[in-house]
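Source file: my_file-v1.json (JSON, C-alpha atoms)
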[["chain", "number", "residue", "atom", "x", "y", "z"],
["A", 2, "MET", "CA", 110.97, -44.89, 30.39],
["A", 3, "ASN", "CA", 109.88, -43.13, 27.23],
["A", 4, "ILE", "CA", 111.61, -45.68, 25.03],
["A", 5, "VAL", "CA", 110.16, -48.56, 27.07],
["A", 6, "ARG", "CA", 106.67, -47.15, 26.72],
["A", 7, "LEU", "CA", 107.25, -46.65, 23.01],
["A", 8, "ALA", "CA", 108.57, -50.21, 22.62],
["A", 9, "VAL", "CA", 105.57, -51.67, 24.49],
["A", 10, "ARG", "CA", 103.14, -49.59, 22.44],
["A", 11, "GLU", "CA", 104.89, -50.63, 19.25],
["A", 12, "PHE", "CA", 104.93, -54.30, 20.32],
["A", 13, "ILE", "CA", 101.18, -54.25, 20.96],
["A", 14, "GLY", "CA", 100.71, -52.36, 17.71],
["A", 15, "MET", "CA", 102.36, -55.28, 15.88],
["A", 16, "PHE", "CA", 99.33, -57.41, 16.62],
["A", 17, "VAL", "CA", 96.49, -54.91, 17.02],
["A", 18, "ASP", "CA", 95.72, -52.42, 14.29],
["A", 19, "ASP", "CA", 92.00, -52.75, 13.93],
["A", 20, "GLY", "CA", 90.99, -53.55, 17.52],
["A", 21, "HIS", "CA", 87.76, -55.04, 16.28],
["A", 22, "LEU", "CA", 89.58, -57.54, 14.07],
["A", 23, "ALA", "CA", 91.96, -58.54, 16.86],
["A", 24, "LEU", "CA", 89.15, -58.97, 19.36],
["A", 25, "LEU", "CA", 87.01, -61.06, 17.00],
["A", 26, "ALA", "CA", 90.01, -63.22, 16.08],
["A", 27, "LEU", "CA", 90.82, -63.85, 19.74],
["A", 28, "LEU", "CA", 87.17, -64.66, 20.51],
["A", 29, "LEU", "CA", 87.03, -67.04, 17.56],
["A", 30, "ILE", "CA", 90.20, -68.83, 18.68],
["A", 31, "ALA", "CA", 89.00, -68.99, 22.28],
["A", 32, "ALA", "CA", 85.60, -70.37, 21.26],
["A", 33, "ILE", "CA", 87.07, -73.03, 18.99],
["A", 34, "THR", "CA", 89.69, -74.03, 21.57],
["A", 35, "ALA", "CA", 87.03, -74.34, 24.27],
["A", 36, "ALA", "CA", 84.79, -76.35, 21.95],
["A", 37, "VAL", "CA", 87.64, -78.76, 21.12],
["A", 38, "LYS", "CA", 88.78, -79.14, 24.73],
["A", 39, "PHE", "CA", 85.43, -79.27, 26.52],
["A", 40, "LEU", "CA", 82.73, -80.07, 23.97],
["A", 41, "ALA", "CA", 84.58, -82.81, 22.08],
["A", 42, "LEU", "CA", 84.48, -80.88, 18.81],
["A", 43, "PRO", "CA", 86.71, -82.80, 16.39],
["A", 44, "PRO", "CA", 90.00, -80.85, 16.25],
["A", 45, "LEU", "CA", 90.23, -80.98, 12.46],
["A", 46, "PHE", "CA", 86.72, -79.54, 12.25],
["A", 47, "GLY", "CA", 87.85, -76.87, 14.69],
["A", 48, "GLY", "CA", 90.82, -76.08, 12.49],
["A", 49, "THR", "CA", 88.57, -75.76, 9.45],
["A", 50, "LEU", "CA", 86.23, -73.46, 11.37],
["A", 51, "LEU", "CA", 89.27, -71.40, 12.32],
["A", 52, "LEU", "CA", 90.23, -70.96, 8.67],
["A", 53, "ILE", "CA", 86.69, -70.02, 7.62],
["A", 54, "GLY", "CA", 86.24, -67.77, 10.67],
["A", 55, "CYS", "CA", 89.47, -65.85, 10.02],
["A", 56, "LEU", "CA", 88.41, -65.18, 6.43],
["A", 57, "ALA", "CA", 84.97, -64.05, 7.57],
["A", 58, "ILE", "CA", 86.53, -61.66, 10.11],
["A", 59, "LEU", "CA", 88.85, -60.32, 7.41],
["A", 60, "VAL", "CA", 85.92, -59.65, 5.07],
["A", 61, "GLN", "CA", 84.00, -57.89, 7.83],
["A", 62, "SER", "CA", 87.00, -55.76, 8.79],
["A", 63, "VAL", "CA", 87.84, -54.54, 5.26],
["A", 64, "ARG", "CA", 84.16, -53.89, 4.55],
["A", 65, "ARG", "CA", 83.97, -51.65, 7.64],
["A", 66, "ALA", "CA", 87.13, -49.84, 6.59],
["A", 67, "ALA", "CA", 85.85, -49.29, 3.03],
["A", 68, "ARG", "CA", 82.48, -47.99, 4.33],
["A", 69, "HIS", "CA", 84.24, -45.53, 6.66],
["A", 70, "GLN", "CA", 86.26, -44.18, 3.78],
["B", 24, "MET", "CA", 107.63, -80.41, 10.67],
["B", 25, "THR", "CA", 110.42, -81.71, 8.49],
["B", 26, "GLY", "CA", 111.08, -81.79, 4.78],
["B", 27, "PHE", "CA", 111.88, -79.38, 2.03],
["B", 28, "THR", "CA", 108.51, -77.59, 1.83],
["B", 29, "PRO", "CA", 108.51, -76.20, 5.37],
["B", 30, "ILE", "CA", 112.18, -75.18, 5.13],
["B", 31, "ILE", "CA", 111.59, -73.26, 1.90],
["B", 32, "SER", "CA", 108.39, -71.65, 3.18],
["B", 33, "THR", "CA", 110.10, -70.69, 6.44],
["B", 34, "ILE", "CA", 113.03, -69.06, 4.66],
["B", 35, "ILE", "CA", 110.80, -67.24, 2.17],
["B", 36, "ALA", "CA", 108.39, -65.96, 4.85],
["B", 37, "ALA", "CA", 111.25, -64.75, 7.07],
["B", 38, "PHE", "CA", 113.09, -63.22, 4.11],
["B", 39, "LEU", "CA", 110.13, -61.31, 2.67],
["B", 40, "ALA", "CA", 108.80, -60.09, 6.03],
["B", 41, "SER", "CA", 112.27, -59.02, 7.18],
["B", 42, "PHE", "CA", 112.95, -57.35, 3.83],
["B", 43, "VAL", "CA", 109.98, -55.03, 4.27],
["B", 44, "GLU", "CA", 110.95, -54.16, 7.85],
["B", 45, "VAL", "CA", 114.62, -53.57, 7.01],
["B", 46, "VAL", "CA", 113.63, -51.28, 4.13],
["B", 47, "GLU", "CA", 111.57, -49.15, 6.53],
["B", 48, "ALA", "CA", 114.40, -48.97, 9.07],
["B", 49, "PHE", "CA", 116.90, -48.23, 6.31],
["B", 50, "THR", "CA", 114.82, -45.26, 5.12],
["B", 51, "ILE", "CA", 115.08, -43.58, 8.53],
["B", 52, "VAL", "CA", 118.77, -44.40, 9.02],
["B", 53, "LEU", "CA", 119.48, -43.07, 5.52],
["B", 54, "ALA", "CA", 117.53, -39.88, 6.29],
["B", 55, "VAL", "CA", 119.60, -39.37, 9.44],
["B", 56, "GLY", "CA", 122.86, -40.12, 7.67],
["B", 57, "VAL", "CA", 122.20, -37.88, 4.72],
["B", 58, "THR", "CA", 120.64, -34.99, 6.63],
["B", 59, "ARG", "CA", 122.67, -34.92, 9.85],
["B", 60, "SER", "CA", 125.70, -37.17, 9.57],
["B", 61, "TRP", "CA", 126.55, -40.85, 9.38],
["B", 62, "ARG", "CA", 128.02, -40.98, 12.88],
["B", 63, "PRO", "CA", 124.72, -40.62, 14.81],
["B", 64, "ALA", "CA", 122.95, -42.74, 12.17],
["B", 65, "LEU", "CA", 125.35, -45.67, 12.51],
["B", 66, "VAL", "CA", 125.82, -45.34, 16.27],
["B", 67, "GLY", "CA", 122.05, -45.29, 16.80],
["B", 68, "ALA", "CA", 121.54, -48.27, 14.50],
["B", 69, "ALA", "CA", 124.40, -50.23, 16.06],
["B", 70, "LEU", "CA", 123.12, -49.64, 19.60],
["B", 71, "ALA", "CA", 119.65, -50.82, 18.59],
["B", 72, "LEU", "CA", 121.08, -53.97, 16.97],
["B", 73, "ALA", "CA", 123.17, -54.65, 20.08],
["B", 74, "LEU", "CA", 120.11, -54.27, 22.30],
["B", 75, "LEU", "CA", 118.09, -56.60, 20.07],
["B", 76, "ALA", "CA", 120.87, -59.19, 20.07],
["B", 77, "SER", "CA", 121.09, -59.01, 23.87],
["B", 78, "LEU", "CA", 117.35, -59.50, 24.24],
["B", 79, "VAL", "CA", 117.40, -62.48, 21.87],
["B", 80, "LEU", "CA", 120.36, -64.06, 23.66],
["B", 81, "ALA", "CA", 118.79, -63.44, 27.06],
["B", 82, "PHE", "CA", 115.25, -64.60, 26.33],
["B", 83, "GLY", "CA", 115.71, -66.89, 23.34],
["B", 84, "PRO", "CA", 116.79, -69.95, 25.33],
["B", 85, "LEU", "CA", 113.67, -69.60, 27.49],
["B", 86, "LEU", "CA", 111.61, -70.69, 24.51],
["B", 87, "ALA", "CA", 113.13, -74.15, 24.78],
["B", 88, "LEU", "CA", 111.49, -74.47, 28.20],
["B", 89, "VAL", "CA", 108.01, -74.01, 26.78],
["B", 90, "PRO", "CA", 106.21, -77.26, 25.80],
["B", 91, "ILE", "CA", 106.09, -77.48, 22.02],
["B", 92, "THR", "CA", 102.27, -77.69, 21.73],
["B", 93, "VAL", "CA", 101.87, -74.59, 23.91],
["B", 94, "LEU", "CA", 104.52, -72.78, 21.90],
["B", 95, "GLN", "CA", 102.84, -73.75, 18.63],
["B", 96, "PHE", "CA", 99.47, -72.55, 19.87],
["B", 97, "VAL", "CA", 100.72, -69.22, 21.26],
["B", 98, "VAL", "CA", 102.89, -68.54, 18.23],
["B", 99, "GLY", "CA", 100.01, -69.52, 15.97],
["B", 100, "VAL", "CA", 97.63, -67.08, 17.67],
["B", 101, "LEU", "CA", 100.16, -64.25, 17.49],
["B", 102, "LEU", "CA", 100.83, -65.03, 13.84],
["B", 103, "ILE", "CA", 97.11, -64.91, 13.06],
["B", 104, "LEU", "CA", 96.88, -61.45, 14.65],
["B", 105, "PHE", "CA", 100.10, -60.21, 13.06],
["B", 106, "GLY", "CA", 99.42, -61.76, 9.66],
["B", 107, "MET", "CA", 95.80, -60.63, 9.44],
["B", 108, "ARG", "CA", 96.85, -57.11, 10.38],
["B", 109, "TRP", "CA", 99.29, -57.02, 7.44],
["B", 110, "LEU", "CA", 96.84, -58.77, 5.13],
["B", 111, "ARG", "CA", 93.99, -56.42, 5.98],
["B", 112, "LYS", "CA", 96.10, -53.35, 5.19],
["B", 113, "ALA", "CA", 97.52, -54.92, 2.03],
["B", 114, "ILE", "CA", 94.01, -55.76, 0.79],
["B", 115, "LEU", "CA", 92.81, -52.22, 1.47],
["B", 116, "ARG", "CA", 95.85, -50.77, -0.34],
["B", 117, "ALA", "CA", 95.50, -53.15, -3.27],
["B", 118, "ALA", "CA", 91.83, -52.22, -3.57],
["B", 119, "GLY", "CA", 92.76, -48.54, -3.45],
["B", 120, "VAL", "CA", 90.78, -47.86, -0.27],
["B", 121, "ILE", "CA", 93.87, -46.56, 1.53],
["B", 122, "ALA", "CA", 97.02, -45.07, 0.09],
["B", 123, "LEU", "CA", 100.12, -47.14, -0.61],
["B", 124, "HIS", "CA", 103.00, -46.74, 1.83],
["B", 125, "ASP", "CA", 105.43, -44.24, 0.40],
["B", 126, "GLU", "CA", 109.11, -44.60, 1.37],
["B", 127, "GLU", "CA", 109.94, -41.29, -0.34],
["B", 128, "ALA", "CA", 107.35, -39.54, 1.82],
["B", 129, "ALA", "CA", 108.69, -41.25, 4.95],
["B", 130, "PHE", "CA", 112.21, -40.16, 4.00],
["B", 131, "SER", "CA", 111.08, -36.57, 3.34],
["B", 132, "GLY", "CA", 109.15, -36.46, 6.59],
["B", 133, "GLU", "CA", 112.10, -37.63, 8.64],
["B", 134, "THR", "CA", 114.44, -35.27, 6.78],
["B", 135, "ALA", "CA", 112.13, -32.34, 7.55],
["B", 136, "VAL", "CA", 112.13, -33.20, 11.26],
["B", 137, "LEU", "CA", 115.93, -33.42, 11.29],
["B", 138, "HIS", "CA", 116.25, -30.07, 9.50],
["B", 139, "ARG", "CA", 114.05, -28.47, 12.15],
["B", 140, "GLN", "CA", 116.32, -29.90, 14.85],
["B", 141, "ALA", "CA", 119.51, -28.83, 13.06],
["B", 142, "ASN", "CA", 120.19, -25.85, 15.33],
["B", 143, "ASP", "CA", 119.41, -27.74, 18.52],
["B", 144, "ARG", "CA", 122.49, -28.35, 20.71],
["B", 145, "ARG", "CA", 121.45, -31.98, 20.93],
["B", 146, "ALA", "CA", 120.92, -32.38, 17.20],
["B", 147, "ASP", "CA", 123.35, -35.29, 16.88],
["B", 148, "TYR", "CA", 121.82, -36.99, 19.91],
["B", 149, "LEU", "CA", 118.27, -36.52, 18.55],
["B", 150, "ALA", "CA", 119.32, -37.84, 15.16],
["B", 151, "GLY", "CA", 120.93, -40.87, 16.79],
["B", 152, "VAL", "CA", 117.77, -41.50, 18.80],
["B", 153, "ALA", "CA", 115.71, -41.40, 15.59],
["B", 154, "ALA", "CA", 117.97, -44.03, 14.01],
["B", 155, "PHE", "CA", 117.98, -46.07, 17.24],
["B", 156, "LYS", "CA", 114.18, -46.05, 17.51],
["B", 157, "ALA", "CA", 113.64, -46.97, 13.86],
["B", 158, "VAL", "CA", 116.07, -49.91, 13.96],
["B", 159, "LEU", "CA", 114.82, -51.08, 17.35],
["B", 160, "LEU", "CA", 111.14, -50.97, 16.46],
["B", 161, "GLU", "CA", 111.51, -52.57, 13.05],
["B", 162, "GLY", "CA", 114.04, -54.99, 14.55],
["B", 163, "VAL", "CA", 111.54, -56.16, 17.17],
["B", 164, "GLU", "CA", 109.20, -57.12, 14.36],
["B", 165, "VAL", "CA", 111.98, -59.01, 12.58],
["B", 166, "VAL", "CA", 112.86, -60.88, 15.77],
["B", 167, "PHE", "CA", 109.20, -61.78, 16.30],
["B", 168, "ILE", "CA", 108.90, -62.98, 12.72],
["B", 169, "VAL", "CA", 112.03, -65.15, 12.98],
["B", 170, "ILE", "CA", 110.89, -66.65, 16.28],
["B", 171, "ALA", "CA", 107.28, -67.12, 15.20],
["B", 172, "VAL", "CA", 108.07, -68.57, 11.82],
["B", 173, "GLY", "CA", 110.94, -70.72, 13.05],
["B", 174, "ALA", "CA", 110.60, -71.65, 16.73],
["B", 175, "ALA", "CA", 107.30, -73.52, 16.56],
["B", 176, "HIS", "CA", 108.84, -76.20, 14.35],
["B", 177, "GLY", "CA", 112.52, -76.07, 15.19],
["B", 178, "GLN", "CA", 113.57, -74.03, 12.17],
["B", 179, "THR", "CA", 114.75, -70.83, 13.81],
["B", 180, "LEU", "CA", 118.10, -71.20, 12.08],
["B", 181, "TYR", "CA", 116.49, -71.19, 8.62],
["B", 182, "ALA", "CA", 114.24, -68.28, 9.57],
["B", 183, "SER", "CA", 117.31, -66.40, 10.84],
["B", 184, "LEU", "CA", 119.12, -67.07, 7.58],
["B", 185, "GLY", "CA", 116.15, -65.69, 5.66],
["B", 186, "ALA", "CA", 116.14, -62.54, 7.81],
["B", 187, "LEU", "CA", 119.92, -62.11, 7.49],
["B", 188, "ALA", "CA", 119.73, -62.49, 3.73],
["B", 189, "ALA", "CA", 117.08, -59.77, 3.62],
["B", 190, "PHE", "CA", 119.23, -57.50, 5.79],
["B", 191, "PHE", "CA", 122.30, -57.87, 3.60],
["B", 192, "LEU", "CA", 120.32, -57.48, 0.38],
["B", 193, "VAL", "CA", 118.73, -54.23, 1.57],
["B", 194, "MET", "CA", 122.12, -52.93, 2.75],
["B", 195, "LEU", "CA", 123.70, -53.81, -0.58],
["B", 196, "ILE", "CA", 120.97, -52.16, -2.66],
["B", 197, "GLY", "CA", 120.71, -49.20, -0.29],
["B", 198, "LEU", "CA", 124.44, -48.52, -0.25],
["B", 199, "ALA", "CA", 124.56, -48.79, -4.03],
["B", 200, "LEU", "CA", 121.60, -46.47, -4.60],
["B", 201, "HIS", "CA", 122.16, -44.18, -1.61],
["B", 202, "ARG", "CA", 118.49, -43.22, -1.53],
["B", 203, "PRO", "CA", 115.17, -44.59, -0.22],
["B", 204, "LEU", "CA", 114.16, -47.90, -1.77],
["B", 205, "ALA", "CA", 110.95, -46.37, -3.07],
["B", 206, "ARG", "CA", 110.63, -48.68, -6.05],
["B", 207, "VAL", "CA", 110.34, -51.80, -3.89],
["B", 208, "PRO", "CA", 106.84, -53.21, -4.50],
["B", 209, "GLU", "CA", 106.16, -52.88, -0.80],
["B", 210, "ASN", "CA", 102.44, -53.56, -0.85],
["B", 211, "ALA", "CA", 102.85, -56.65, -3.02],
["B", 212, "LEU", "CA", 105.47, -57.96, -0.59],
["B", 213, "LYS", "CA", 103.29, -57.16, 2.43],
["B", 214, "PHE", "CA", 100.37, -58.90, 0.70],
["B", 215, "VAL", "CA", 102.39, -62.08, 0.21],
["B", 216, "VAL", "CA", 103.85, -61.90, 3.72],
["B", 217, "GLY", "CA", 100.38, -61.32, 5.19],
["B", 218, "LEU", "CA", 99.12, -64.38, 3.32],
["B", 219, "MET", "CA", 102.05, -66.50, 4.50],
["B", 220, "LEU", "CA", 101.97, -65.42, 8.14],
["B", 221, "THR", "CA", 98.18, -65.77, 8.37],
["B", 222, "SER", "CA", 98.44, -69.24, 6.84],
["B", 223, "PHE", "CA", 101.27, -70.18, 9.22],
["B", 224, "GLY", "CA", 99.15, -68.87, 12.11],
["B", 225, "ILE", "CA", 96.09, -70.89, 11.16],
["B", 226, "PHE", "CA", 98.24, -73.99, 10.60],
["B", 227, "TRP", "CA", 100.06, -73.71, 13.93],
["B", 228, "THR", "CA", 96.99, -72.80, 15.97],
["B", 229, "GLY", "CA", 95.31, -75.81, 14.44],
["B", 230, "GLU", "CA", 98.30, -77.97, 15.39],
["B", 231, "GLY", "CA", 98.07, -76.48, 18.87],
["B", 232, "ILE", "CA", 94.49, -77.78, 19.27],
["B", 233, "ASP", "CA", 95.52, -81.19, 17.88],
["B", 234, "ALA", "CA", 93.99, -80.69, 14.45],
["B", 235, "HIS", "CA", 96.21, -83.08, 12.50],
["B", 236, "TRP", "CA", 95.88, -81.45, 9.11],
["B", 237, "PRO", "CA", 95.54, -83.92, 6.25],
["B", 238, "GLY", "CA", 98.75, -84.15, 4.28],
["B", 239, "ASP", "CA", 100.68, -82.76, 7.28],
["B", 240, "ASP", "CA", 103.01, -80.00, 6.07],
["B", 241, "LEU", "CA", 101.36, -79.93, 2.65],
["B", 242, "ALA", "CA", 98.22, -78.65, 4.34],
["B", 243, "LEU", "CA", 100.10, -75.38, 4.83],
["B", 244, "LEU", "CA", 100.18, -74.93, 1.04],
["B", 245, "ALA", "CA", 96.47, -75.67, 0.83],
["B", 246, "ILE", "CA", 95.68, -73.15, 3.58],
["B", 247, "PHE", "CA", 97.86, -70.59, 1.82],
["B", 248, "ALA", "CA", 96.04, -71.20, -1.47],
["B", 249, "ILE", "CA", 92.62, -70.79, 0.16],
["B", 250, "VAL", "CA", 93.60, -67.61, 2.02],
["B", 251, "ALA", "CA", 95.20, -66.20, -1.15],
["B", 252, "LEU", "CA", 92.19, -66.96, -3.31],
["B", 253, "ALA", "CA", 89.87, -65.43, -0.73],
["B", 254, "SER", "CA", 92.06, -62.32, -0.42],
["B", 255, "PHE", "CA", 92.24, -61.69, -4.16],
["B", 256, "THR", "CA", 88.48, -62.16, -4.36],
["B", 257, "ILE", "CA", 88.04, -59.64, -1.54],
["B", 258, "VAL", "CA", 90.19, -57.10, -3.41],
["B", 259, "ARG", "CA", 88.11, -57.48, -6.57],
["B", 260, "TRP", "CA", 84.89, -57.27, -4.60],
["B", 261, "LEU", "CA", 86.02, -54.12, -2.76],
["B", 262, "ARG", "CA", 86.93, -52.41, -6.02],
["B", 263, "SER", "CA", 83.52, -53.09, -7.49],
["B", 264, "ALA", "CA", 81.44, -52.62, -4.34],
["B", 265, "TYR", "CA", 83.10, -49.43, -3.07],
["B", 266, "PRO", "CA", 84.30, -47.40, -6.04],
["B", 267, "ALA", "CA", 83.51, -44.16, -4.20],
["B", 268, "ALA", "CA", 85.95, -45.07, -1.42],
["B", 269, "ILE", "CA", 88.69, -45.53, -3.98],
["B", 270, "GLY", "CA", 88.48, -42.10, -5.60],
["B", 271, "GLY", "CA", 91.88, -40.95, -6.71],
["B", 272, "LEU", "CA", 93.79, -43.68, -4.91],
["B", 273, "ALA", "CA", 93.18, -46.33, -7.54],
["B", 274, "ARG", "CA", 96.39, -48.10, -8.48]]

Now that the file is in, can you turn its structure into structure tokens?
Amino acid sequence: MNIVRLAVREFIGMFVDDGHLALLALLLIAAITAAVKFLALPPLFGGTLLLIGCLAILVQSVRRAARHQ
Amino acid sequence: MTGFTPIISTIIAAFLASFVEVVEAFTIVLAVGVTRSWRPALVGAALALALLASLVLAFGPLLALVPITVLQFVVGVLLILFGMRWLRKAILRAAGVIALHDEEAAFSGETAVLHRQANDRRADYLAGVAAFKAVLLEGVEVVFIVIAVGAAHGQTLYASLGALAAFFLVMLIGLALHRPLARVPENALKFVVGLMLTSFGIFWTGEGIDAHWPGDDLALLAIFAIVALASFTIVRWLRSAYPAAIGGLAR
């Protein structure tokens, strides 16, 4: 069971390092997807927002890390 | 997604990402082989590879059952998380905020642990487990990369070839040098891989929500260029805005 637990922890760790970054990214994706599906947001506009949003989240995450150092 | 551009980008992304992972696994297997003996090192590695192959053979065909748009979306989201994680760390290392990954240190650390276990009755078993765990854990990442980079657009074969090429190259260099591949520009590779995987993720998630990117596959290059430009700008900004955080870690 130890190895299974380790594998699961490692698998999750592949995607989540800074929990804040992962959470914000998932919220961004969920918001854009919902807007496209239910609010008739043009999908290409949604894709562009996704690109800009990911970069903004990245900036925020590295800034937090640098400040903590 | 057809054409030369996506094939090349798929192979390169899979090759570079797998190269980094195989180097990390190789360091541990080498430490086990050199410190304890090659038998537990190779047995542990072989068992891990066999387990990985079984998992891929067992679950791989299930991917074909998933509708392509769903697969693209899910893979895209996972790639965004995975890619941004790598990119974030690579940016922080390039800016000198955190230390570069050191294969020599990883090798020394593992060697020290194995030396401490040398008099344990189960020393061979423990050494084999260390090799098994390293190959399994790094191998899971390689499998994910191959599936993520390849499955969403029917290019798993090309992604697999990229990963295999990385594996053989690391084995060749490692067997020739017989020491940790410490001179590999690991952070530079992780930076490029982070850029590629993040770009793939944004592209595929966009495709998943029906954003038909202008220029189709060429949009991937444009996304990559934008993410790259932004990342390099972030590195420069971090260096100037937080010089105190850098201290003695400046590259």

Go through chain B and flag each residue having an atom no more than 7 Å from chain A; for those, report the closest pair of atoms plus their distance in Å to one decimal, using all atoms listed in the file, ordered by chain and rising number, as JSON lines.
{"residue": "B:Leu101", "atom": "CA", "partner": "A:Phe16", "partner_atom": "CA", "distance": 6.9}
{"residue": "B:Leu104", "atom": "CA", "partner": "A:Phe16", "partner_atom": "CA", "distance": 5.1}
{"residue": "B:Phe105", "atom": "CA", "partner": "A:Phe16", "partner_atom": "CA", "distance": 4.6}
{"residue": "B:Arg108", "atom": "CA", "partner": "A:Asp18", "partner_atom": "CA", "distance": 6.2}
{"residue": "B:Arg111", "atom": "CA", "partner": "A:Val63", "partner_atom": "CA", "distance": 6.5}
{"residue": "B:Leu115", "atom": "CA", "partner": "A:Val63", "partner_atom": "CA", "distance": 6.7}
{"residue": "B:Val120", "atom": "CA", "partner": "A:Ala67", "partner_atom": "CA", "distance": 6.1}
{"residue": "B:Leu160", "atom": "CA", "partner": "A:Ala8", "partner_atom": "CA", "distance": 6.7}
{"residue": "B:Ile225", "atom": "CA", "partner": "A:Leu52", "partner_atom": "CA", "distance": 6.4}
{"residue": "B:Gly229", "atom": "CA", "partner": "A:Gly48", "partner_atom": "CA", "distance": 4.9}
{"residue": "B:Ile232", "atom": "CA", "partner": "A:Pro44", "partner_atom": "CA", "distance": 6.2}
{"residue": "B:Asp233", "atom": "CA", "partner": "A:Pro44", "partner_atom": "CA", "distance": 5.8}
{"residue": "B:Ala234", "atom": "CA", "partner": "A:Leu45", "partner_atom": "CA", "distance": 4.3}
{"residue": "B:His235", "atom": "CA", "partner": "A:Leu45", "partner_atom": "CA", "distance": 6.3}
{"residue": "B:Trp236", "atom": "CA", "partner": "A:Leu45", "partner_atom": "CA", "distance": 6.6}
{"residue": "B:Ile257", "atom": "CA", "partner": "A:Val60", "partner_atom": "CA", "distance": 6.9}
{"residue": "B:Tyr265", "atom": "CA", "partner": "A:Ala67", "partner_atom": "CA", "distance": 6.7}
{"residue": "B:Ala268", "atom": "CA", "partner": "A:Gln70", "partner_atom": "CA", "distance": 5.3}

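Minimum atom-to-atom distances from B:Met107, B:Leu137, B:Ile170, B:Leu198 to Val152 in chain B were compared using all atoms listed in the file, and the lowest value belongs to B:Leu137.
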
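Across the model, the gap from CA of Ala242 in chain B to CA of Leu110 in chain B is 19.9 Å.
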
Practice item. Could you give me, as an MDAnalysis selection string, the residues that sit within 12 Å of (118.2, -57.6, 21.9) in the file's coordinates, counting all atoms listed in the file? Key: chainID B and resid 69:83 158:160 162:167

File of the preceding selection, C-alpha atoms, as a CSV table (one decimal), keeping the file's coordinate frame:
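Done, and the output landed in result_27.csv:
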chain,number,residue,atom,x,y,z
B,69,ALA,CA,124.4,-50.2,16.1
B,70,LEU,CA,123.1,-49.6,19.6
B,71,ALA,CA,119.6,-50.8,18.6
B,72,LEU,CA,121.1,-54.0,17.0
B,73,ALA,CA,123.2,-54.6,20.1
B,74,LEU,CA,120.1,-54.3,22.3
B,75,LEU,CA,118.1,-56.6,20.1
B,76,ALA,CA,120.9,-59.2,20.1
B,77,SER,CA,121.1,-59.0,23.9
B,78,LEU,CA,117.4,-59.5,24.2
B,79,VAL,CA,117.4,-62.5,21.9
B,80,LEU,CA,120.4,-64.1,23.7
B,81,ALA,CA,118.8,-63.4,27.1
B,82,PHE,CA,115.2,-64.6,26.3
B,83,GLY,CA,115.7,-66.9,23.3
B,158,VAL,CA,116.1,-49.9,14.0
B,159,LEU,CA,114.8,-51.1,17.4
B,160,LEU,CA,111.1,-51.0,16.5
B,162,GLY,CA,114.0,-55.0,14.6
B,163,VAL,CA,111.5,-56.2,17.2
B,164,GLU,CA,109.2,-57.1,14.4
B,165,VAL,CA,112.0,-59.0,12.6
B,166,VAL,CA,112.9,-60.9,15.8
B,167,PHE,CA,109.2,-61.8,16.3

field: Close residues, Val52 in chain B itself excluded, 10 Å, only C-alpha atoms, min 6 positions apart in chain, as a ChimeraX atom specification
entry: /B:46,58,61,63-65,67-68,130,133,150-151,153-158,203

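Taking CA of Leu180 in chain B as the reference point, CA of Ser41 in chain B is found at 14.4 Å.
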
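Note that the spacing between CA of Gly231 in chain B and CA of Ala251 in chain B amounts to 22.7 Å.
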
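When all atoms listed in the file are used to measure the gap to Leu25 in chain A, the shortest distance among B:Ala174, B:Ile246, B:Leu123, B:Ile103 belongs to B:Ile103.
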